[in-house]
$ cat data_28.pdb   # PDB, C-alpha atoms
ATOM      1  CA  ILE J   1     133.343 107.967 -30.860
ATOM      2  CA  ALA J   2     131.744 111.276 -31.779
ATOM      3  CA  HIS J   3     133.926 112.117 -34.831
ATOM      4  CA  ILE J   4     133.794 115.834 -34.058
ATOM      5  CA  GLN J   5     136.321 118.244 -35.464
ATOM      6  CA  GLY J   6     136.808 121.975 -35.709
ATOM      7  CA  PRO J   7     138.440 124.927 -33.967
ATOM      8  CA  VAL J   8     138.113 125.966 -30.343
ATOM      9  CA  VAL J   9     139.010 129.597 -29.621
ATOM     10  CA  LEU J  10     140.193 130.448 -26.109
ATOM     11  CA  GLN J  11     141.050 133.717 -24.444
ATOM     12  CA  ALA J  12     144.225 133.147 -22.442
ATOM     13  CA  VAL J  13     146.001 135.311 -19.890
ATOM     14  CA  ILE J  14     149.744 134.685 -20.047
ATOM     15  CA  SER J  15     151.538 135.505 -16.795
ATOM     16  CA  ARG J  16     154.860 137.272 -16.435
ATOM     17  CA  ASP J  17     156.641 133.920 -16.131
ATOM     18  CA  GLY J  18     155.026 132.531 -19.310
ATOM     19  CA  THR J  19     152.479 130.220 -17.715
ATOM     20  CA  VAL J  20     148.798 130.275 -18.650
ATOM     21  CA  ASP J  21     146.898 131.850 -15.752
ATOM     22  CA  HIS J  22     143.316 132.055 -16.981
ATOM     23  CA  LEU J  23     141.447 130.434 -19.849
ATOM     24  CA  ARG J  24     137.989 131.223 -21.165
ATOM     25  CA  VAL J  25     136.274 129.579 -24.129
ATOM     26  CA  VAL J  26     135.245 132.113 -26.765
ATOM     27  CA  GLN J  27     133.837 129.621 -29.269
ATOM     28  CA  GLY J  28     134.012 125.987 -30.266
ATOM     29  CA  HIS J  29     132.079 122.745 -30.063
ATOM     30  CA  ARG J  30     131.117 121.962 -26.485
ATOM     31  CA  LEU J  31     132.550 118.438 -26.659
ATOM     32  CA  LEU J  32     136.000 119.785 -27.625
ATOM     33  CA  ARG J  33     136.226 122.637 -25.114
ATOM     34  CA  ARG J  34     137.600 120.679 -22.152
ATOM     35  CA  ALA J  35     140.311 119.007 -24.233
ATOM     36  CA  ALA J  36     141.372 122.380 -25.656
ATOM     37  CA  LYS J  37     141.518 123.986 -22.191
ATOM     38  CA  ASN J  38     143.466 121.036 -20.775
ATOM     39  CA  ALA J  39     146.024 121.222 -23.581
ATOM     40  CA  VAL J  40     146.537 124.991 -23.516
ATOM     41  CA  SER J  41     146.801 125.094 -19.726
ATOM     42  CA  THR J  42     150.037 123.058 -20.005
ATOM     43  CA  TRP J  43     151.636 125.343 -22.606
ATOM     44  CA  ARG J  44     154.499 127.649 -21.687
ATOM     45  CA  TYR J  45     155.223 130.910 -23.452
ATOM     46  CA  ARG J  46     158.235 133.143 -23.681
ATOM     47  CA  PRO J  47     157.190 136.113 -21.521
ATOM     48  CA  TYR J  48     156.038 139.213 -23.378
ATOM     49  CA  LEU J  49     158.357 142.143 -22.679
ATOM     50  CA  ILE J  50     157.374 145.794 -22.238
ATOM     51  CA  ASN J  51     160.333 148.130 -21.811
ATOM     52  CA  GLY J  52     162.497 145.065 -21.241
ATOM     53  CA  LYS J  53     160.368 143.733 -18.359
ATOM     54  CA  PRO J  54     158.035 140.715 -18.422
ATOM     55  CA  ALA J  55     154.355 141.668 -18.593
ATOM     56  CA  GLU J  56     151.056 139.827 -18.240
ATOM     57  CA  ILE J  57     149.085 139.771 -21.494
ATOM     58  CA  SER J  58     145.761 138.525 -22.798
ATOM     59  CA  THR J  59     145.632 136.763 -26.157
ATOM     60  CA  LEU J  60     143.422 134.519 -28.259
ATOM     61  CA  VAL J  61     144.507 130.934 -28.903
ATOM     62  CA  THR J  62     142.909 128.633 -31.488
ATOM     63  CA  VAL J  63     143.182 124.866 -31.119
ATOM     64  CA  ASP J  64     142.199 122.966 -34.271
ATOM     65  CA  PHE J  65     140.857 119.453 -33.913
ATOM     66  CA  ASN J  66     141.100 117.491 -37.179
ATOM     67  CA  LEU J  67     140.249 113.902 -37.914
ATOM     68  CA  ASN J  68     142.804 112.093 -40.043
ATOM     69  CA  GLU J  69     140.737 109.619 -41.969
TER      70      GLU J  69
END
$ encode --input "data_28.pdb" --output "structure tokens"
Amino acid sequence: IAHIQGPVVLQAVISRDGTVDHLRVVQGHRLLRRAAKNAVSTWRYRPYLINGKPAEISTLVTVDFNLNE
């Protein structure tokens, strides 16, 4: 077990239906990146509205990995 912790920052594109379309790692330990991408790819968002209509947006998401010892 590597005992690695810390944040992983991802750039995410949220589609009009609230699903995560694209993910790109901005920063974070290389051994945590895949787990962060796998988790965020399953998330669902309430669609962002512009003039009352769903819109695709890009946002930053931080996933914190912490060891509870």
$ resolve_selection --input "data_28.pdb" --expression "the PyMOL selection byres ((chain J and resi 2-17) around 7)" --output "VMD selection string"
chain J and resid 1 18 to 29 33 36 47 54 to 67
$ atom_distance --input "data_28.pdb" --atom1 "CA of Arg46 (chain J)" --atom2 "CA of Arg30 (chain J)"
29.5 Å
$ axis_aligned_box --input "data_28.pdb" --around "region 24-31 of chain J" --padding-each-side "4 Å" --output "JSON"
{"center_x": 134.6, "center_y": 125.3, "center_z": -25.7, "size_x": 14.9, "size_y": 21.7, "size_z": 17.1}
$ atom_distance --input "data_28.pdb" --atom1 "CA of Trp43 (chain J)" --atom2 "CA of Asn68 (chain J)"
23.6 Å
